[in-house]
$ cat protein_30.txt   # compact mmCIF, C-alpha atoms and all ligand atoms
# COMPACT_ATOMS: atom_id res chain seq x y z
CA MET A 1 31.10 58.10 -44.90
CA PRO A 2 29.60 54.93 -46.32
CA THR A 3 27.82 52.52 -44.02
CA VAL A 4 28.88 48.89 -44.15
CA SER A 5 26.84 46.02 -42.79
CA MET A 6 27.91 42.42 -42.59
CA THR A 7 27.56 39.32 -40.48
CA VAL A 8 30.62 38.57 -38.36
CA ASN A 9 30.67 35.23 -36.54
CA GLY A 10 26.91 35.01 -36.89
CA LYS A 11 26.15 38.51 -35.54
CA SER A 12 24.94 41.40 -37.69
CA VAL A 13 27.16 44.44 -37.43
CA SER A 14 27.04 47.80 -39.08
CA ALA A 15 29.19 50.94 -38.94
CA ASP A 16 30.10 54.07 -40.83
CA VAL A 17 33.62 53.71 -42.18
CA GLU A 18 35.86 55.47 -44.64
CA SER A 19 36.04 53.80 -48.05
CA ARG A 20 39.71 53.09 -47.47
CA THR A 21 39.13 51.16 -44.22
CA LEU A 22 40.49 47.65 -44.64
CA LEU A 23 38.44 44.69 -43.53
CA VAL A 24 41.11 43.82 -40.96
CA GLN A 25 40.96 47.35 -39.52
CA PHE A 26 37.20 47.09 -39.34
CA LEU A 27 37.44 43.80 -37.45
CA ARG A 28 40.19 44.89 -35.08
CA GLU A 29 39.45 48.57 -34.51
CA HIS A 30 35.70 48.85 -34.91
CA LEU A 31 34.65 45.45 -33.59
CA ALA A 32 37.62 44.89 -31.21
CA LEU A 33 38.12 41.42 -32.70
CA THR A 34 41.88 41.47 -32.33
CA GLY A 35 42.42 37.75 -32.95
CA THR A 36 42.93 38.51 -36.64
CA HIS A 37 46.51 39.74 -36.96
CA VAL A 38 48.46 41.97 -39.33
CA GLY A 39 51.93 40.59 -39.96
CA CYS A 40 53.01 42.44 -43.09
CA ASP A 41 52.07 45.24 -45.42
CA THR A 42 52.73 43.32 -48.62
CA SER A 43 49.83 40.81 -48.57
CA GLN A 44 52.17 37.85 -48.18
CA CYS A 45 52.05 36.57 -44.59
CA GLY A 46 48.49 35.32 -44.13
CA ALA A 47 48.23 36.30 -40.43
CA CYS A 48 45.06 38.17 -41.39
CA VAL A 49 43.20 35.29 -43.06
CA VAL A 50 39.49 35.16 -42.31
CA HIS A 51 36.60 33.54 -44.17
CA VAL A 52 34.44 35.72 -46.39
CA ASN A 53 31.32 33.96 -47.62
CA GLY A 54 32.84 30.64 -46.66
CA VAL A 55 36.28 30.92 -48.28
CA SER A 56 39.60 32.20 -47.02
CA ALA A 57 40.59 35.77 -47.80
CA LYS A 58 43.33 38.11 -46.64
CA SER A 59 41.47 40.73 -44.64
CA CYS A 60 44.40 43.14 -45.08
CA THR A 61 43.87 43.08 -48.84
CA MET A 62 40.18 43.73 -48.91
CA LEU A 63 38.24 46.87 -48.13
CA ALA A 64 35.61 46.65 -45.41
CA ILE A 65 33.15 48.01 -47.96
CA GLN A 66 33.92 45.12 -50.30
CA ALA A 67 32.60 42.85 -47.55
CA ASP A 68 29.33 44.78 -47.35
CA GLY A 69 26.58 42.19 -47.06
CA ALA A 70 29.05 39.34 -46.64
CA ASP A 71 29.22 36.59 -44.07
CA VAL A 72 32.59 36.86 -42.30
CA ALA A 73 34.09 34.30 -39.91
CA THR A 74 37.11 35.00 -37.70
CA ILE A 75 39.11 32.97 -35.19
CA GLU A 76 36.93 34.34 -32.38
CA GLY A 77 33.92 32.51 -33.77
CA LEU A 78 35.38 29.01 -33.66
CA ASP A 79 35.16 27.92 -30.04
CA ASP A 80 32.05 26.46 -28.54
CA ASN A 81 31.47 28.38 -25.30
CA GLY A 82 35.10 28.17 -24.29
CA THR A 83 35.74 24.68 -25.66
CA LEU A 84 38.34 24.97 -28.40
CA HIS A 85 37.45 23.96 -31.94
CA PRO A 86 39.11 20.60 -32.81
CA MET A 87 41.51 22.41 -35.16
CA GLN A 88 42.54 24.82 -32.39
CA GLU A 89 42.92 21.92 -29.98
CA ALA A 90 45.12 20.11 -32.51
CA PHE A 91 47.43 23.13 -32.74
CA ARG A 92 47.78 23.08 -28.95
CA ASP A 93 48.30 19.31 -28.74
CA ASN A 94 50.91 19.27 -31.49
CA HIS A 95 52.84 22.37 -30.47
CA GLY A 96 51.71 23.93 -33.74
CA LEU A 97 52.57 27.38 -32.40
CA GLN A 98 55.31 29.16 -30.56
CA CYS A 99 54.69 32.91 -30.43
CA GLY A 100 51.21 32.39 -31.86
CA PHE A 101 51.24 35.39 -34.14
CA CYS A 102 50.59 33.41 -37.32
CA THR A 103 48.20 30.97 -35.66
CA PRO A 104 44.81 32.61 -36.29
CA GLY A 105 45.58 32.81 -40.00
CA MET A 106 46.95 29.27 -40.03
CA VAL A 107 43.82 27.90 -38.35
CA MET A 108 41.45 29.77 -40.66
CA SER A 109 43.41 28.64 -43.74
CA ALA A 110 43.45 25.07 -42.44
CA LEU A 111 39.68 25.08 -42.03
CA ASP A 112 39.27 26.28 -45.62
CA LEU A 113 41.45 23.38 -46.74
CA VAL A 114 39.66 20.63 -44.86
CA LYS A 115 36.28 21.86 -46.06
CA ASN A 116 37.12 20.55 -49.55
CA ASN A 117 39.79 18.04 -48.61
CA PRO A 118 38.88 16.30 -45.34
CA SER A 119 41.98 14.05 -45.34
CA PRO A 120 44.81 16.22 -46.65
CA SER A 121 48.22 14.65 -47.23
CA GLU A 122 51.33 16.33 -45.87
CA GLN A 123 51.99 17.65 -49.38
CA ASP A 124 48.43 19.02 -49.66
CA VAL A 125 48.87 20.90 -46.38
CA ARG A 126 52.28 22.30 -47.30
CA GLU A 127 51.03 23.53 -50.66
CA TRP A 128 47.93 25.02 -49.13
CA LEU A 129 50.04 27.00 -46.65
CA GLU A 130 51.90 28.85 -49.41
CA GLY A 131 50.23 32.06 -48.28
CA ASN A 132 50.80 31.61 -44.54
CA ILE A 133 54.19 32.48 -43.15
CA CYS A 134 55.42 31.37 -39.73
CA ARG A 135 58.61 32.79 -38.31
CA CYS A 136 58.89 30.37 -35.38
CA THR A 137 57.92 26.77 -35.88
CA GLY A 138 59.56 25.68 -39.11
CA TYR A 139 56.07 24.47 -40.15
CA HIS A 140 56.64 20.84 -39.16
CA ASN A 141 54.27 20.90 -36.21
CA ILE A 142 51.78 23.11 -38.01
CA VAL A 143 51.47 20.48 -40.73
CA LYS A 144 51.09 17.76 -38.08
CA ALA A 145 48.50 19.84 -36.25
CA ILE A 146 46.42 20.40 -39.37
CA GLN A 147 46.42 16.71 -40.24
CA ALA A 148 45.48 15.85 -36.64
CA GLY A 149 42.79 18.54 -36.61
CA ALA A 150 41.39 17.21 -39.88
CA ALA A 151 41.30 13.68 -38.41
CA ALA A 152 39.54 14.94 -35.28
CA MET A 153 36.97 16.75 -37.41
CA ARG A 154 36.30 13.59 -39.43
CA GLY A 155 35.47 11.98 -36.07
CA MET B 1 46.24 54.33 -48.27
CA TYR B 2 44.99 57.69 -49.50
CA ALA B 3 41.27 58.39 -49.47
CA PHE B 4 39.16 57.75 -52.58
CA ASN B 5 35.52 57.61 -53.63
CA TYR B 6 34.09 54.14 -53.86
CA GLN B 7 31.47 53.13 -56.38
CA ARG B 8 29.92 49.76 -57.14
CA PRO B 9 28.00 49.95 -60.42
CA ASP B 10 25.76 47.06 -61.45
CA SER B 11 26.39 47.04 -65.19
CA VAL B 12 29.34 47.27 -67.56
CA ALA B 13 27.84 50.42 -69.09
CA ALA B 14 27.50 52.09 -65.68
CA ALA B 15 31.08 51.10 -64.81
CA GLY B 16 32.31 52.72 -68.02
CA SER B 17 30.50 55.97 -67.32
CA ALA B 18 31.60 55.98 -63.66
CA LEU B 19 35.21 55.76 -64.76
CA GLY B 20 34.70 58.32 -67.50
CA GLY B 21 33.12 60.71 -64.99
CA SER B 22 35.90 60.38 -62.42
CA ASP B 23 39.01 62.47 -62.13
CA ASP B 24 41.53 59.70 -62.06
CA GLY B 25 39.54 56.58 -61.36
CA LYS B 26 40.48 52.94 -61.57
CA PHE B 27 38.51 49.75 -61.97
CA LEU B 28 38.78 47.43 -58.95
CA ALA B 29 38.58 43.73 -59.86
CA GLY B 30 39.87 41.29 -57.22
CA GLY B 31 42.22 43.90 -55.80
CA MET B 32 45.11 41.50 -55.31
CA THR B 33 47.55 43.92 -56.94
CA LEU B 34 45.76 47.26 -56.79
CA LEU B 35 45.03 47.25 -53.05
CA PRO B 36 48.59 46.36 -51.97
CA THR B 37 49.83 49.06 -54.36
CA MET B 38 47.46 51.59 -52.81
CA LYS B 39 48.48 50.52 -49.30
CA GLN B 40 52.07 51.35 -50.22
CA ARG B 41 50.83 54.69 -51.57
CA LEU B 42 52.27 53.83 -54.96
CA ALA B 43 48.86 54.50 -56.48
CA SER B 44 46.25 57.01 -55.38
CA PRO B 45 43.21 56.83 -57.65
CA SER B 46 40.48 59.42 -57.06
CA ASP B 47 37.82 56.75 -57.43
CA LEU B 48 37.62 52.98 -57.22
CA ILE B 49 34.96 51.49 -59.47
CA ASP B 50 34.36 48.08 -57.92
CA LEU B 51 33.29 45.59 -60.59
CA SER B 52 32.09 42.94 -58.14
CA GLY B 53 28.48 44.08 -58.38
CA ILE B 54 28.24 43.21 -62.08
CA GLY B 55 26.82 39.69 -62.29
CA ASP B 56 27.38 39.55 -66.06
CA LEU B 57 31.12 39.54 -65.53
CA VAL B 58 31.28 36.21 -63.68
CA GLY B 59 31.15 32.74 -65.16
CA ILE B 60 32.69 30.28 -67.58
CA ASP B 61 30.96 29.21 -70.80
CA ASP B 62 31.56 26.49 -73.36
CA ASN B 63 31.74 28.00 -76.83
CA GLY B 64 32.31 24.75 -78.68
CA ASP B 65 35.86 25.39 -79.71
CA GLY B 66 37.07 26.30 -76.23
CA VAL B 67 36.01 28.28 -73.20
CA VAL B 68 34.97 31.85 -72.54
CA ILE B 69 35.95 33.05 -69.09
CA ARG B 70 34.32 36.24 -67.96
CA ALA B 71 36.58 38.86 -66.48
CA MET B 72 35.59 38.75 -62.79
CA THR B 73 35.92 34.96 -62.54
CA THR B 74 38.38 34.10 -59.77
CA HIS B 75 41.47 31.96 -60.17
CA ALA B 76 39.91 29.45 -57.76
CA ALA B 77 36.83 29.19 -59.97
CA VAL B 78 38.93 28.60 -63.10
CA ALA B 79 41.09 26.02 -61.30
CA SER B 80 38.08 24.04 -60.07
CA SER B 81 35.93 24.37 -63.20
CA SER B 82 35.18 20.92 -64.63
CA LEU B 83 34.65 22.58 -68.02
CA VAL B 84 38.12 24.15 -68.07
CA GLN B 85 39.65 20.95 -66.68
CA ALA B 86 38.07 18.97 -69.52
CA LYS B 87 38.72 21.40 -72.37
CA ILE B 88 42.04 23.03 -71.47
CA PRO B 89 43.52 21.23 -68.46
CA ALA B 90 46.73 23.27 -68.71
CA LEU B 91 44.73 26.44 -68.06
CA ALA B 92 43.05 25.00 -64.96
CA ALA B 93 46.46 23.85 -63.68
CA LEU B 94 47.97 27.28 -64.31
CA ALA B 95 45.16 28.93 -62.31
CA GLU B 96 45.74 26.46 -59.46
CA GLY B 97 49.36 27.62 -59.26
CA ILE B 98 48.73 31.35 -58.94
CA GLY B 99 49.69 32.95 -55.61
CA ASP B 100 48.13 31.13 -52.67
CA PRO B 101 44.60 29.93 -51.86
CA ALA B 102 43.42 33.23 -50.35
CA VAL B 103 44.71 35.13 -53.39
CA ARG B 104 43.06 32.65 -55.76
CA ASN B 105 39.75 33.15 -53.95
CA ARG B 106 39.70 36.85 -54.79
CA GLY B 107 42.05 37.48 -57.70
CA THR B 108 40.42 37.55 -61.12
CA ILE B 109 41.50 36.68 -64.65
CA GLY B 110 40.44 40.07 -66.01
CA GLY B 111 42.40 41.95 -63.37
CA SER B 112 45.52 39.89 -63.97
CA VAL B 113 45.40 40.25 -67.74
CA ALA B 114 44.65 44.00 -67.61
CA ASN B 115 47.54 44.55 -65.21
CA ASN B 116 50.00 42.60 -67.38
CA ASP B 117 52.54 42.11 -64.63
CA PRO B 118 55.71 40.87 -66.35
CA ALA B 119 55.80 37.89 -63.94
CA ALA B 120 52.10 37.00 -63.96
CA ASP B 121 50.88 33.60 -65.18
CA TYR B 122 47.72 34.38 -67.16
CA PRO B 123 49.42 36.50 -69.85
CA ALA B 124 51.44 33.39 -70.77
CA ALA B 125 48.25 31.34 -71.16
CA CYS B 126 46.59 34.04 -73.27
CA LEU B 127 49.54 34.38 -75.58
CA GLY B 128 50.36 30.65 -75.59
CA LEU B 129 46.86 29.61 -76.55
CA GLY B 130 46.23 32.53 -78.90
CA ALA B 131 43.31 33.81 -76.82
CA THR B 132 41.07 36.75 -77.67
CA ILE B 133 40.55 39.52 -75.14
CA VAL B 134 36.97 40.80 -75.29
CA THR B 135 36.35 44.32 -73.99
CA ASN B 136 33.33 46.59 -73.71
CA GLN B 137 34.43 48.13 -77.01
CA ARG B 138 36.09 45.49 -79.21
CA GLU B 139 37.97 42.22 -79.44
CA ILE B 140 41.77 42.14 -79.31
CA SER B 141 43.95 39.14 -80.11
CA ALA B 142 46.47 38.26 -77.41
CA ASP B 143 49.23 38.84 -79.96
CA ASP B 144 48.21 42.51 -80.11
CA PHE B 145 47.11 42.94 -76.51
CA PHE B 146 50.31 42.74 -74.44
CA THR B 147 52.38 45.72 -75.45
CA GLY B 148 55.07 45.99 -72.76
CA LEU B 149 55.85 46.14 -69.08
CA PHE B 150 52.44 46.61 -67.34
CA GLU B 151 51.25 47.95 -70.72
CA THR B 152 48.35 46.67 -72.80
CA ALA B 153 46.33 47.78 -75.79
CA LEU B 154 43.45 48.79 -73.49
CA GLY B 155 42.26 52.39 -73.86
CA GLU B 156 41.51 54.72 -70.95
CA ASP B 157 37.90 53.72 -70.27
CA GLU B 158 38.13 50.26 -71.79
CA LEU B 159 37.16 47.29 -69.66
CA ILE B 160 37.90 43.61 -70.26
CA THR B 161 34.62 41.70 -70.11
CA ALA B 162 35.81 38.19 -71.03
CA ILE B 163 38.66 36.15 -72.46
CA ARG B 164 38.07 33.52 -75.12
CA PHE B 165 40.48 30.61 -75.08
CA PRO B 166 40.53 28.15 -77.98
CA SER B 167 41.40 24.64 -76.88
CA ALA B 168 44.67 23.10 -78.01
CA THR B 169 45.64 19.60 -79.09
CA LYS B 170 48.31 19.63 -76.39
CA ALA B 171 49.27 22.28 -73.89
CA ALA B 172 51.13 22.70 -70.62
CA TYR B 173 52.56 25.41 -68.40
CA GLN B 174 55.65 25.09 -66.26
CA LYS B 175 57.03 27.76 -64.01
CA PHE B 176 60.00 28.26 -61.77
CA ASP B 177 58.37 30.33 -59.11
CA ASN B 178 59.50 32.73 -56.46
CA PRO B 179 58.91 30.79 -53.23
CA ALA B 180 57.47 33.80 -51.37
CA SER B 181 55.17 35.38 -53.93
CA ARG B 182 54.63 32.44 -56.32
CA TYR B 183 55.12 34.85 -59.20
CA ALA B 184 57.01 33.29 -62.09
CA ILE B 185 60.74 33.90 -62.12
CA VAL B 186 60.28 32.23 -65.49
CA GLY B 187 57.13 30.53 -66.76
CA VAL B 188 56.65 28.92 -70.16
CA PHE B 189 53.32 27.99 -71.72
CA VAL B 190 53.49 25.68 -74.73
CA ALA B 191 50.58 24.68 -76.95
CA GLN B 192 50.03 22.70 -80.10
CA THR B 193 47.22 24.64 -81.76
CA ALA B 194 45.36 24.59 -85.06
CA GLY B 195 47.71 27.35 -86.23
CA GLY B 196 50.91 25.54 -85.21
CA ALA B 197 53.02 25.38 -82.07
CA ARG B 198 53.02 28.37 -79.71
CA VAL B 199 55.46 29.11 -76.90
CA ALA B 200 54.84 32.04 -74.55
CA VAL B 201 57.32 33.11 -71.89
CA THR B 202 56.50 35.13 -68.78
CA GLY B 203 58.69 36.37 -65.93
CA ALA B 204 61.78 36.63 -68.08
CA SER B 205 61.66 39.77 -70.18
CA GLN B 206 61.81 43.42 -69.23
CA ASP B 207 59.07 43.93 -71.81
CA GLY B 208 56.73 41.38 -70.28
CA VAL B 209 55.34 38.22 -71.85
CA PHE B 210 56.71 37.24 -75.29
CA ARG B 211 56.64 34.42 -77.83
CA ALA B 212 59.74 32.35 -78.46
CA GLY B 213 59.64 32.11 -82.24
CA GLU B 214 62.59 29.81 -82.72
CA MET B 215 61.14 27.30 -80.29
CA GLU B 216 57.77 27.47 -82.02
CA GLN B 217 59.35 26.62 -85.36
CA ALA B 218 61.29 23.73 -83.90
CA LEU B 219 58.19 22.33 -82.21
CA SER B 220 56.05 22.68 -85.31
CA GLY B 221 58.29 20.15 -87.06
CA ASN B 222 59.02 17.96 -84.05
CA TRP B 223 56.89 18.14 -80.90
CA SER B 224 59.38 16.87 -78.35
CA SER B 225 61.42 18.37 -75.54
CA ASP B 226 64.57 17.51 -77.50
CA ALA B 227 63.46 19.96 -80.17
CA VAL B 228 63.81 22.91 -77.78
CA ALA B 229 66.67 21.57 -75.65
CA ASN B 230 69.35 23.42 -77.59
CA ILE B 231 67.49 26.64 -78.26
CA ALA B 232 68.59 29.46 -75.98
CA VAL B 233 66.97 32.87 -75.79
CA PRO B 234 69.48 35.74 -75.55
CA ALA B 235 70.01 37.11 -72.03
CA ASP B 236 69.96 40.68 -73.39
CA GLY B 237 66.79 42.43 -72.26
CA LEU B 238 65.91 39.82 -69.66
CA ASN B 239 65.15 40.80 -66.07
CA ALA B 240 67.91 40.71 -63.51
CA ASP B 241 67.08 41.13 -59.84
CA ILE B 242 67.79 39.65 -56.42
CA HIS B 243 65.97 36.48 -57.43
CA ALA B 244 67.78 35.64 -60.65
CA SER B 245 70.29 37.12 -63.10
CA ALA B 246 69.47 37.61 -66.78
CA ALA B 247 71.71 34.68 -67.75
CA TYR B 248 70.01 32.41 -65.23
CA ARG B 249 66.59 33.44 -66.52
CA ALA B 250 67.70 32.72 -70.09
CA HIS B 251 68.74 29.25 -68.96
CA LEU B 252 65.41 28.76 -67.19
CA VAL B 253 63.46 29.60 -70.34
CA THR B 254 64.94 26.58 -72.11
CA THR B 255 64.54 24.35 -69.06
CA MET B 256 60.92 25.34 -68.46
CA ALA B 257 60.14 24.97 -72.18
CA LYS B 258 61.55 21.45 -72.16
CA ARG B 259 59.55 20.54 -69.06
CA ALA B 260 56.39 22.07 -70.49
CA VAL B 261 56.63 20.13 -73.76
CA ALA B 262 57.27 16.93 -71.79
CA ALA B 263 54.32 17.65 -69.51
CA ALA B 264 52.06 18.32 -72.50
CA GLY B 265 52.89 14.81 -73.74
S1 LIG C 1 48.73 40.97 -42.92
FE1 LIG C 1 50.19 39.87 -44.07
S2 LIG C 1 48.96 39.01 -45.64
FE2 LIG C 1 47.55 40.20 -44.53
S1 LIG C 2 54.27 30.70 -34.16
FE1 LIG C 2 55.37 32.54 -34.24
S2 LIG C 2 55.01 33.16 -36.29
FE2 LIG C 2 54.18 31.20 -36.27
$ encode --input "protein_30.txt" --output "structure tokens"
Amino acid sequence: MPTVSMTVNGKSVSADVESRTLLVQFLREHLALTGTHVGCDTSQCGACVVHVNGVSAKSCTMLAIQADGADVATIEGLDDNGTLHPMQEAFRDNHGLQCGFCTPGMVMSALDLVKNNPSPSEQDVREWLEGNICRCTGYHNIVKAIQAGAAAMRG
Amino acid sequence: MYAFNYQRPDSVAAAGSALGGSDDGKFLAGGMTLLPTMKQRLASPSDLIDLSGIGDLVGIDDNGDGVVIRAMTTHAAVASSSLVQAKIPALAALAEGIGDPAVRNRGTIGGSVANNDPAADYPAACLGLGATIVTNQREISADDFFTGLFETALGEDELITAIRFPSATKAAYQKFDNPASRYAIVGVFVAQTAGGARVAVTGASQDGVFRAGEMEQALSGNWSSDAVANIAVPADGLNADIHASAAYRAHLVTTMAKRAVAAAG
């Protein structure tokens, strides 16, 4: 079995995995980082979005071995010793989640957006979320949350 | 997903021999189609030859007349390239509309063109601009490259290394997309090129991307959306599925062509 090594939330990790192991399986089953979710098997829902080398990627549509040597960030890496990241806090403040299943992917996608677009318009947010499906909220409060989170991050 | 051997060669030559030496291997580009297909067990290659270790396959160059986009360049990189935006803005805009951000960060132009999905966007740009597909063995004009549903002129061990796009006087792409997948239900790429007007249609036909000859002739004499407004493509041979009937797709071809010509200015 090939050995994969990568940095996940700033920590070096390494394991022997089958070639067919998906990145999301590696995160959830090998590293017990279960914040990254799997909501579909068709690569459409975005519940599994993480950052790979600084940009968003669907961890269900990437082999762990493709992330060999990469820098991976997941929802678990965002808080600061128990204090929520401003984007997470904005989701809580704005009721940007109901069941919460889509939320980790939403937050990771949102952070990829604000990196290049610190003040996104409502339209920018809605277009950016094309790959993130939510079955509960109707998106309204997610969009509000992301704009509020972006504002909080601008300071 | 069934098990497979994974290889990551560091040169085009090594990738070619890895594929040649495998039982039933496949090249892995961005994986945005191949991996979901393998997850569904609709494909079970013996080997995956991952092209991401080949630095030569990434990048966008100015070749005077247009741009050369190497095969492993992502949609996000094409969309945000100031060179593509300056030389062929319609191509940058098309890349920006593929899938969703996470897909654009990993999906590649070479993978999309080699796959020739009948609803993909890039085949319309290649055919609409009269691009040249460069492989590890030869150069193929877009007119000869797309040969049918998921079919191309590529041979067994042949690998796309780059695509050369000539710039156009005017060009635009308009698509009516599926709201879940963002694949084109119908997409039309129009271009006013040195060789005349070109109109390429994706999403519509059972045979994949095609050129709308009657529209091209009309636009060559009169570049305006009125020129194509009354030209209908026959519904025979168009796709019909839960998203749209053949007749509806035929209607969309004219509508998208009109919008594209208007957008091209
Ligand atoms: S789990 Fe649905 S897109 Fe990855
Ligand atoms: S909050 Fe339930 S799926 Fe989005």
$ atom_distance --input "protein_30.txt" --atom1 "CA of Asn117 (chain A)" --atom2 "CA of Gly54 (chain A)"
14.5 Å
$ atom_distance --input "protein_30.txt" --atom1 "CA of Ala95 (chain B)" --atom2 "CA of Ala257 (chain B)"
18.4 Å
$ residues_around --input "protein_30.txt" --residues "Ser56 (chain A)" --least-positions-apart "6" --cutoff "10 Å" --atoms "all atoms listed in the file" --output "list in words"
Gly46, Cys48, Val49, Val50, Val72, Ala73, Gly105, Met108, Ser109, Ala110, Leu111, Asp112 and Leu113 of chain A; Pro101, Ala102, Val103, Arg104, Asn105 and Arg106 of chain B
$ residues_near_ligand --input "protein_30.txt" --ligand "ligand LIG 2 (chain C)" --cutoff "12 Å" --atoms "all atoms listed in the file" --output "CSV table (one decimal) with C-alpha atoms, in the frame of the given file"
chain,number,residue,atom,x,y,z
A,37,HIS,CA,46.5,39.7,-37.0
A,38,VAL,CA,48.5,42.0,-39.3
A,39,GLY,CA,51.9,40.6,-40.0
A,40,CYS,CA,53.0,42.4,-43.1
A,45,CYS,CA,52.0,36.6,-44.6
A,46,GLY,CA,48.5,35.3,-44.1
A,47,ALA,CA,48.2,36.3,-40.4
A,91,PHE,CA,47.4,23.1,-32.7
A,92,ARG,CA,47.8,23.1,-29.0
A,95,HIS,CA,52.8,22.4,-30.5
A,96,GLY,CA,51.7,23.9,-33.7
A,97,LEU,CA,52.6,27.4,-32.4
A,98,GLN,CA,55.3,29.2,-30.6
A,99,CYS,CA,54.7,32.9,-30.4
A,100,GLY,CA,51.2,32.4,-31.9
A,101,PHE,CA,51.2,35.4,-34.1
A,102,CYS,CA,50.6,33.4,-37.3
A,103,THR,CA,48.2,31.0,-35.7
A,104,PRO,CA,44.8,32.6,-36.3
A,105,GLY,CA,45.6,32.8,-40.0
A,106,MET,CA,47.0,29.3,-40.0
A,107,VAL,CA,43.8,27.9,-38.4
A,129,LEU,CA,50.0,27.0,-46.6
A,132,ASN,CA,50.8,31.6,-44.5
A,133,ILE,CA,54.2,32.5,-43.2
A,134,CYS,CA,55.4,31.4,-39.7
A,135,ARG,CA,58.6,32.8,-38.3
A,136,CYS,CA,58.9,30.4,-35.4
A,137,THR,CA,57.9,26.8,-35.9
A,138,GLY,CA,59.6,25.7,-39.1
A,139,TYR,CA,56.1,24.5,-40.2
A,140,HIS,CA,56.6,20.8,-39.2
A,141,ASN,CA,54.3,20.9,-36.2
A,142,ILE,CA,51.8,23.1,-38.0
A,143,VAL,CA,51.5,20.5,-40.7
$ atom_distance --input "protein_30.txt" --atom1 "CA of Glu29 (chain A)" --atom2 "CA of Ala180 (chain B)"
28.8 Å
$ axis_aligned_box --input "protein_30.txt" --around "ligand LIG 1 (chain C)" --padding-each-side "4 Å" --output "JSON"
{"center_x": 48.9, "center_y": 40.0, "center_z": -44.3, "size_x": 10.6, "size_y": 10.0, "size_z": 10.7}
$ interface_residues --input "protein_30.txt" --of "chain B" --to "chain A" --cutoff "8 Å" --atoms "all atoms listed in the file" --output "number ranges by chain"
B: 1-6, 31-32, 35-36, 39-40, 99-103, 105-106, 180-181
$ residues_around --input "protein_30.txt" --residues "region 191-196 of chain B" --least-positions-apart "4" --cutoff "8 Å" --atoms "all atoms listed in the file" --output "ChimeraX atom specification"
/B:128-129,167-172,216,220,264
$ closest_residue --input "protein_30.txt" --among "A:Thr36, A:Asp80, A:Ala15, A:Leu27" --to "ligand LIG 1 (chain C)" --atoms "all atoms listed in the file"
A:Thr36
$ closest_residue --input "protein_30.txt" --among "B:Leu19, B:Ile140, B:Ile133, B:Val201" --to "Leu238 (chain B)" --atoms "all atoms listed in the file"
B:Val201
$ closest_residue --input "protein_30.txt" --among "B:Ala184, B:Val209, B:Val199, B:Ala262" --to "Ala244 (chain B)" --atoms "all atoms listed in the file"
B:Ala184
$ residues_around --input "protein_30.txt" --residues "Glu139 (chain B)" --least-positions-apart "6" --cutoff "10 Å" --atoms "only C-alpha atoms" --output "PyMOL selection string"
chain B and resi 132-133+145+160-164
